[in-house]
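Taking it in order: structure first as structure tokens, then the write-up.
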Amino acid sequence: MTDQTLPPQERTGYAVIGLGELTEAQLFPAFHLSQRSRLAALVSGDSNKAREQARRLGLSDADVYDYDHFEDLRERADVQAVFIVLPNSLHREFTERAARIGKQVLCEKPLAVSVQDAEAMVRVCAEAGVLLMTAYRIQYTPHHQLARELMESGQLGRVKLLDAVNVQTEPNEGQWRLKRALAGGGSLPDVGLYCLNTARYLIGEEPYEVFAWTHSTPGDPRFAEVEESVSFTLRFPSGVVSNNLCSYGAAHHRSLRVLAERANLTLDPAFDYTNLRIRNDSQTEVKEYLVKEADQFALELDHFSACVQSGRQPFTPGEEGLQDVRIIAAIYQSAAEGRPVQLQRFEGRDVFRGQPPERAERERS
Ligand code: NAD
């Protein structure tokens with residue numbers, strides 16, 4: 001990879017809001033691996049835990065904020081951005097609060113739990129003149145970038161079908177992911193969103209129709225408020241059909257296939273954090289690509305930092321996350337009504353995306 005490592009004072013400084021599993025296990029290590037991003041402050045409801053983590057990460061007690069004193073970050077010139085890593089229904093509140101104090105916003109997926117919330121987030125950030133990026137790590141991941149290039153190159157022939165599965169078991173009844181008010185839904189906005197967003201990214205078009213079914217095991221207390229499984233089919237203007245399955249009730253499996261006229265691509269695993277694999281099966285050969293992996297979260301962070309530093313629109317802005325929230329609403333409507341639902345038609349490619357990440361972020365061997 002071209003070394004774009006910036007000295008600390010030139011990097012974008014972040015306040016991370018929400019110190020749960022993703023932050024601890026993935027984002028703190030990603031800051032160490034990043035080239036343009038710097039961890040500068042922690043925002044948490046648990047000040048003791050946050051102070052302990054701050055010390056471990058080389059920050060001080062003064063870098064720890066609780067939710068009530070979030071606005072004190074206004075005075076911190078070395079914090080230009082926030083990374084919101086809270087339960088889904090809290091994304092809107094903290095996006096709006098961050099925008100009001102002039103901070104750039106990187107927000108975890110799903111962007112919001114309703115179309116109304118997602119639209120408000122996009123609007124408030126635009127009015128405040130701050131960037132809003134949806135943290136879609138898959139769109140910054142070399143394996144997926146290669147898949148999209150192969151599809152675009154014509155080598156596979158015309159792409160006909162995509163087939164994506166993202167399932168896992170969600171055993172913990174107390175989890176916020178199983179509470180409708182916090183999560184906005186069940187497996188669909190959490191793991192099914194990977195199938196949806198990756199299909200849109202790889203095909204590059206916007207679906208115009210969706211047909212869906214939901215299912216929850218009767219009597220299973222985990223699924224009293226949110227759905228267990230969803231099957232949904234999307235139709236795209238060029239004729240590509242994408243079939244998708246997501247669930248909280250089946251053992252971990254995350255794969256994606258692209259079925260085209262002359263060859264098929266298989267990504268398996270497709271949505272894990274590491275060890276992704278991509279294979280090309282044509283009638284004459286089976287080829288496994290050697291793609292050098294890089295930390296997905298560091299790539300995503302550094303893309304946003306590059307956007308903050310240059311003022312350009314991120315590849316996955318708020319509008320990209322909003323479009324998925326709209327489609328999720330249509331998926332639930334289709335399942336509830338037992339019929340296909342039409343989506344607003346959009347012509348052209350990448351209609352909701354900003355400038356692609358720089359080539360240097362896409363090393364492969
Ligand atoms: P988590 O439960 O591990 O952490 C959530 C954090 O929010 C905790 O620190 C918790 O204390 C805090 N919190 C504040 N108010 C809360 C409330 N009312 N209820 C519960 N917790 C509250 O969750 P996580 O897995 O870190 O997920 C956080 C966000 O990150 C979600 O939006 C999720 O969809 C997203 N996520 C993204 C990826 C990815 O690969 N991009 C992976 C996992 C999670």
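Residues are named by chain letter and number: chains run A, B, ... in the order of the structure tokens, numbers start at 1 in each chain, and ligands are numbered from 1 in the order shown.
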
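Neighbouring residues of stretch 168-184 of chain A at 7 Å or closer, counting only C-alpha atoms and skipping chain neighbours under 2 positions away, are Pro87, Asn88, Ser89, Val113, Gly186, Arg222, Phe223, Glu225, Val226, Ser247, Tyr248, Gly249, Ala250, Ala251, His252 and His253 of chain A.
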
Go ahead and save the residues from that selection, with N, CA, C and O atoms, as a short mmCIF file (atom, residue, chain, number, x, y, z; two decimals), in the first residue's frame.
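Just written: part02.cif:
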data_model
loop_
_atom_site.label_atom_id
_atom_site.label_comp_id
_atom_site.auth_asym_id
_atom_site.auth_seq_id
_atom_site.Cartn_x
_atom_site.Cartn_y
_atom_site.Cartn_z
N PRO A 87 -26.41 1.71 19.98
CA PRO A 87 -27.60 1.03 19.43
C PRO A 87 -28.29 1.92 18.39
O PRO A 87 -28.30 3.16 18.50
N ASN A 88 -28.90 1.28 17.42
CA ASN A 88 -29.37 1.96 16.19
C ASN A 88 -30.27 3.17 16.42
O ASN A 88 -30.15 4.18 15.74
N SER A 89 -31.18 3.08 17.39
CA SER A 89 -32.14 4.17 17.53
C SER A 89 -31.50 5.42 18.12
O SER A 89 -32.12 6.49 18.12
N VAL A 113 -33.31 3.95 12.42
CA VAL A 113 -34.36 2.94 12.55
C VAL A 113 -35.63 3.31 11.78
O VAL A 113 -36.60 2.56 11.78
N GLY A 186 -35.25 -6.84 13.47
CA GLY A 186 -34.44 -7.97 13.91
C GLY A 186 -33.24 -8.22 13.03
O GLY A 186 -32.38 -7.35 12.87
N ARG A 222 -37.06 -14.78 22.19
CA ARG A 222 -36.11 -13.85 21.58
C ARG A 222 -36.77 -13.02 20.48
O ARG A 222 -36.33 -11.91 20.18
N PHE A 223 -37.82 -13.62 19.90
CA PHE A 223 -38.42 -12.94 18.74
C PHE A 223 -39.83 -12.42 19.04
O PHE A 223 -40.70 -12.39 18.18
N GLU A 225 -40.35 -9.31 19.88
CA GLU A 225 -40.46 -7.93 19.36
C GLU A 225 -39.94 -7.77 17.94
O GLU A 225 -40.36 -6.87 17.23
N VAL A 226 -38.97 -8.60 17.57
CA VAL A 226 -38.35 -8.43 16.24
C VAL A 226 -38.34 -9.77 15.50
O VAL A 226 -38.45 -10.82 16.12
N SER A 247 -30.91 -14.20 9.04
CA SER A 247 -31.57 -14.82 10.19
C SER A 247 -30.75 -14.63 11.45
O SER A 247 -29.52 -14.50 11.39
N TYR A 248 -31.46 -14.65 12.59
CA TYR A 248 -30.84 -14.69 13.91
C TYR A 248 -30.97 -16.10 14.50
O TYR A 248 -30.65 -16.29 15.67
N GLY A 249 -31.45 -17.05 13.70
CA GLY A 249 -31.76 -18.36 14.27
C GLY A 249 -30.95 -19.50 13.71
O GLY A 249 -31.21 -20.67 14.02
N ALA A 250 -29.96 -19.20 12.85
CA ALA A 250 -29.19 -20.28 12.21
C ALA A 250 -27.70 -20.05 12.45
O ALA A 250 -27.25 -18.90 12.59
N ALA A 251 -26.95 -21.14 12.46
CA ALA A 251 -25.51 -21.06 12.75
C ALA A 251 -24.82 -20.17 11.72
O ALA A 251 -25.17 -20.18 10.53
N HIS A 252 -23.83 -19.44 12.22
CA HIS A 252 -23.04 -18.46 11.45
C HIS A 252 -22.75 -18.92 10.00
O HIS A 252 -22.09 -19.92 9.78
N HIS A 253 -23.22 -18.18 9.04
CA HIS A 253 -22.85 -18.40 7.64
C HIS A 253 -23.02 -17.08 6.89
O HIS A 253 -24.06 -16.43 7.01
#

| request: Return as a PyMOL selection string the residues of protein, DNA or RNA that approach ligand 1 to within 10 Å, with only C-alpha atoms and all ligand atoms taken into account. | output: chain A and resi 17-27+43-46+49-50+67+83-91+107-113+134-138+174-177+179+181-183+189-191+193-194+271-273+296-297+300

| Option closest in space to A:His143, from A:Ala336, A:Pro269, A:Ala330, A:Glu358 [counting only C-alpha atoms] | A:Pro269

| query | Among stretch 145-294 of chain A, which residues carry a DSSP assignment of helix (DSSP H, G or I), reported as a PyMOL selection string? | reply | chain A and resi 145-153+176-178+180-183+187-203+221-223

What would the file look like if the residues just selected were written as an mmCIF file, in the first residue's frame with C-alpha atoms?
data_model
loop_
_atom_site.group_PDB
_atom_site.id
_atom_site.type_symbol
_atom_site.label_atom_id
_atom_site.label_comp_id
_atom_site.auth_asym_id
_atom_site.auth_seq_id
_atom_site.Cartn_x
_atom_site.Cartn_y
_atom_site.Cartn_z
ATOM 1 C CA GLN A 145 -13.860 -4.002 -4.693
ATOM 2 C CA LEU A 146 -12.312 -6.763 -6.804
ATOM 3 C CA ALA A 147 -15.717 -8.454 -7.227
ATOM 4 C CA ARG A 148 -17.210 -5.190 -8.454
ATOM 5 C CA GLU A 149 -14.319 -4.627 -10.879
ATOM 6 C CA LEU A 150 -14.703 -8.126 -12.304
ATOM 7 C CA MET A 151 -18.432 -7.584 -12.757
ATOM 8 C CA GLU A 152 -17.887 -4.220 -14.451
ATOM 9 C CA SER A 153 -15.091 -5.502 -16.693
ATOM 10 C CA TRP A 176 -30.737 -4.432 22.617
ATOM 11 C CA ARG A 177 -30.713 -6.062 19.147
ATOM 12 C CA LEU A 178 -33.898 -7.929 20.145
ATOM 13 C CA ARG A 180 -37.637 -3.066 18.579
ATOM 14 C CA ALA A 181 -37.312 0.425 20.054
ATOM 15 C CA LEU A 182 -33.500 0.237 20.072
ATOM 16 C CA ALA A 183 -32.794 -1.926 17.028
ATOM 17 C CA SER A 187 -32.028 -9.756 11.611
ATOM 18 C CA LEU A 188 -32.889 -7.496 8.638
ATOM 19 C CA PRO A 189 -31.409 -4.135 9.716
ATOM 20 C CA ASP A 190 -28.500 -5.891 11.448
ATOM 21 C CA VAL A 191 -27.176 -8.723 9.263
ATOM 22 C CA GLY A 192 -29.603 -8.634 6.300
ATOM 23 C CA LEU A 193 -28.401 -5.102 5.611
ATOM 24 C CA TYR A 194 -25.075 -6.571 4.428
ATOM 25 C CA CYS A 195 -26.886 -8.570 1.732
ATOM 26 C CA LEU A 196 -28.912 -5.524 0.691
ATOM 27 C CA ASN A 197 -26.116 -2.963 0.690
ATOM 28 C CA THR A 198 -23.596 -5.286 -0.945
ATOM 29 C CA ALA A 199 -26.041 -6.137 -3.746
ATOM 30 C CA ARG A 200 -26.609 -2.435 -4.396
ATOM 31 C CA TYR A 201 -22.857 -1.771 -4.284
ATOM 32 C CA LEU A 202 -21.835 -4.635 -6.567
ATOM 33 C CA ILE A 203 -24.599 -4.080 -9.119
ATOM 34 C CA PRO A 221 -39.088 -15.294 23.480
ATOM 35 C CA ARG A 222 -36.111 -13.849 21.575
ATOM 36 C CA PHE A 223 -38.423 -12.943 18.735
#

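Residue nearest A:Leu265 within the list A:Leu162, A:Leu290, A:Ala335, A:Ile328: A:Leu162 [criterion: smallest interatomic distance, only C-alpha atoms].
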
Please identify the strand (DSSP E) residues within stretch 109-340 of chain A (assignment by DSSP from backbone atoms) and present them as a short mmCIF file (atom, residue, chain, number, x, y, z; two decimals) with C-alpha atoms, in the first residue's frame.
data_model
loop_
_atom_site.label_atom_id
_atom_site.label_comp_id
_atom_site.auth_asym_id
_atom_site.auth_seq_id
_atom_site.Cartn_x
_atom_site.Cartn_y
_atom_site.Cartn_z
CA LEU A 132 -22.14 12.40 7.20
CA MET A 133 -20.83 8.96 6.28
CA THR A 134 -22.54 5.60 6.80
CA VAL A 159 -24.52 -10.64 -14.58
CA LYS A 160 -27.88 -12.35 -14.05
CA LEU A 161 -28.28 -13.18 -10.36
CA LEU A 162 -26.87 -12.45 -6.92
CA ASP A 163 -27.43 -14.78 -4.03
CA ALA A 164 -26.48 -13.65 -0.51
CA VAL A 165 -26.80 -15.26 2.92
CA ASN A 166 -26.00 -13.66 6.27
CA VAL A 167 -27.19 -15.68 9.25
CA GLN A 168 -26.13 -16.08 12.88
CA THR A 169 -27.66 -17.06 16.19
CA GLU A 209 -39.09 -3.71 -6.73
CA VAL A 210 -38.89 -5.91 -3.64
CA PHE A 211 -40.76 -9.04 -2.54
CA ALA A 212 -40.17 -10.38 0.97
CA TRP A 213 -41.20 -12.86 3.66
CA THR A 214 -40.43 -12.80 7.36
CA HIS A 215 -40.57 -15.67 9.81
CA SER A 229 -35.53 -14.49 9.55
CA VAL A 230 -36.17 -12.59 6.34
CA SER A 231 -36.05 -13.70 2.73
CA PHE A 232 -36.15 -10.88 0.19
CA THR A 233 -35.77 -10.56 -3.55
CA LEU A 234 -34.74 -7.35 -5.27
CA ARG A 235 -35.16 -6.54 -8.96
CA VAL A 241 -32.24 -10.32 -9.57
CA SER A 242 -30.80 -10.53 -6.07
CA ASN A 243 -32.00 -13.18 -3.60
CA ASN A 244 -31.19 -12.66 0.06
CA LEU A 245 -31.57 -14.58 3.31
CA CYS A 246 -30.86 -13.32 6.80
CA SER A 247 -31.57 -14.82 10.19
CA GLY A 249 -31.76 -18.36 14.27
CA ALA A 250 -29.19 -20.28 12.21
CA ALA A 251 -25.51 -21.06 12.75
CA HIS A 252 -23.04 -18.46 11.45
CA HIS A 253 -22.85 -18.40 7.64
CA ARG A 254 -22.05 -15.44 5.43
CA SER A 255 -21.68 -15.97 1.69
CA LEU A 256 -22.40 -14.30 -1.61
CA ARG A 257 -22.50 -15.57 -5.19
CA VAL A 258 -22.59 -13.62 -8.42
CA LEU A 259 -24.03 -15.73 -11.24
CA ALA A 260 -23.17 -14.45 -14.70
CA ALA A 263 -18.57 -17.41 -14.91
CA ASN A 264 -19.64 -17.24 -11.28
CA LEU A 265 -17.97 -15.46 -8.39
CA THR A 266 -18.21 -16.88 -4.89
CA LEU A 267 -17.30 -14.88 -1.79
CA ILE A 278 -13.11 -14.89 -3.55
CA ARG A 279 -13.27 -17.56 -6.27
CA ASN A 280 -14.09 -17.37 -9.96
CA ASP A 281 -15.63 -20.49 -11.53
CA SER A 282 -15.86 -20.48 -15.31
CA VAL A 286 -11.57 -22.37 -11.16
CA LYS A 287 -9.51 -19.46 -9.98
CA GLU A 288 -9.06 -18.32 -6.40
#

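For A:Gly102, the residues within 10 Å (counting only C-alpha atoms, excluding itself and residues fewer than 2 positions away along the chain) are Leu73, Arg74, Gln80, Ala81, Glu96, Arg97, Ala98, Ala99, Arg100, Gln104, Val105, Cys125, Ala128, Gly129, Val130 and Leu131 of chain A.
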
| atom CA of A:Val64 to atom CA of A:Arg51, straight-line distance in Å | 6.3 Å

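Atom CA of A:Pro237 sits 11.6 Å away from atom CA of A:Gln344.
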
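In this comparison, which uses only C-alpha atoms, the residue of A:Asp61, A:Glu261, A:Gly204, A:Asp302 approaching A:Val351 most closely is A:Gly204.
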
Sorted by chain and rising residue number, which residues of stretch 304-350 of chain A lie within 8 Å of stretch 115-120 of chain A, and what are their closest atom pairs and distances in Å to one decimal, counting only C-alpha atoms, as a Markdown table?
| residue | atom | partner | partner_atom | distance |
| --- | --- | --- | --- | --- |
| A:Gly318 | CA | A:Ala118 | CA | 7.7 |
| A:Gly321 | CA | A:Ala118 | CA | 7.7 |
| A:Leu322 | CA | A:Ala118 | CA | 5.4 |
| A:Val325 | CA | A:Val115 | CA | 5.8 |
| A:Arg326 | CA | A:Val115 | CA | 5.8 |
| A:Ala329 | CA | A:Val115 | CA | 7.6 |
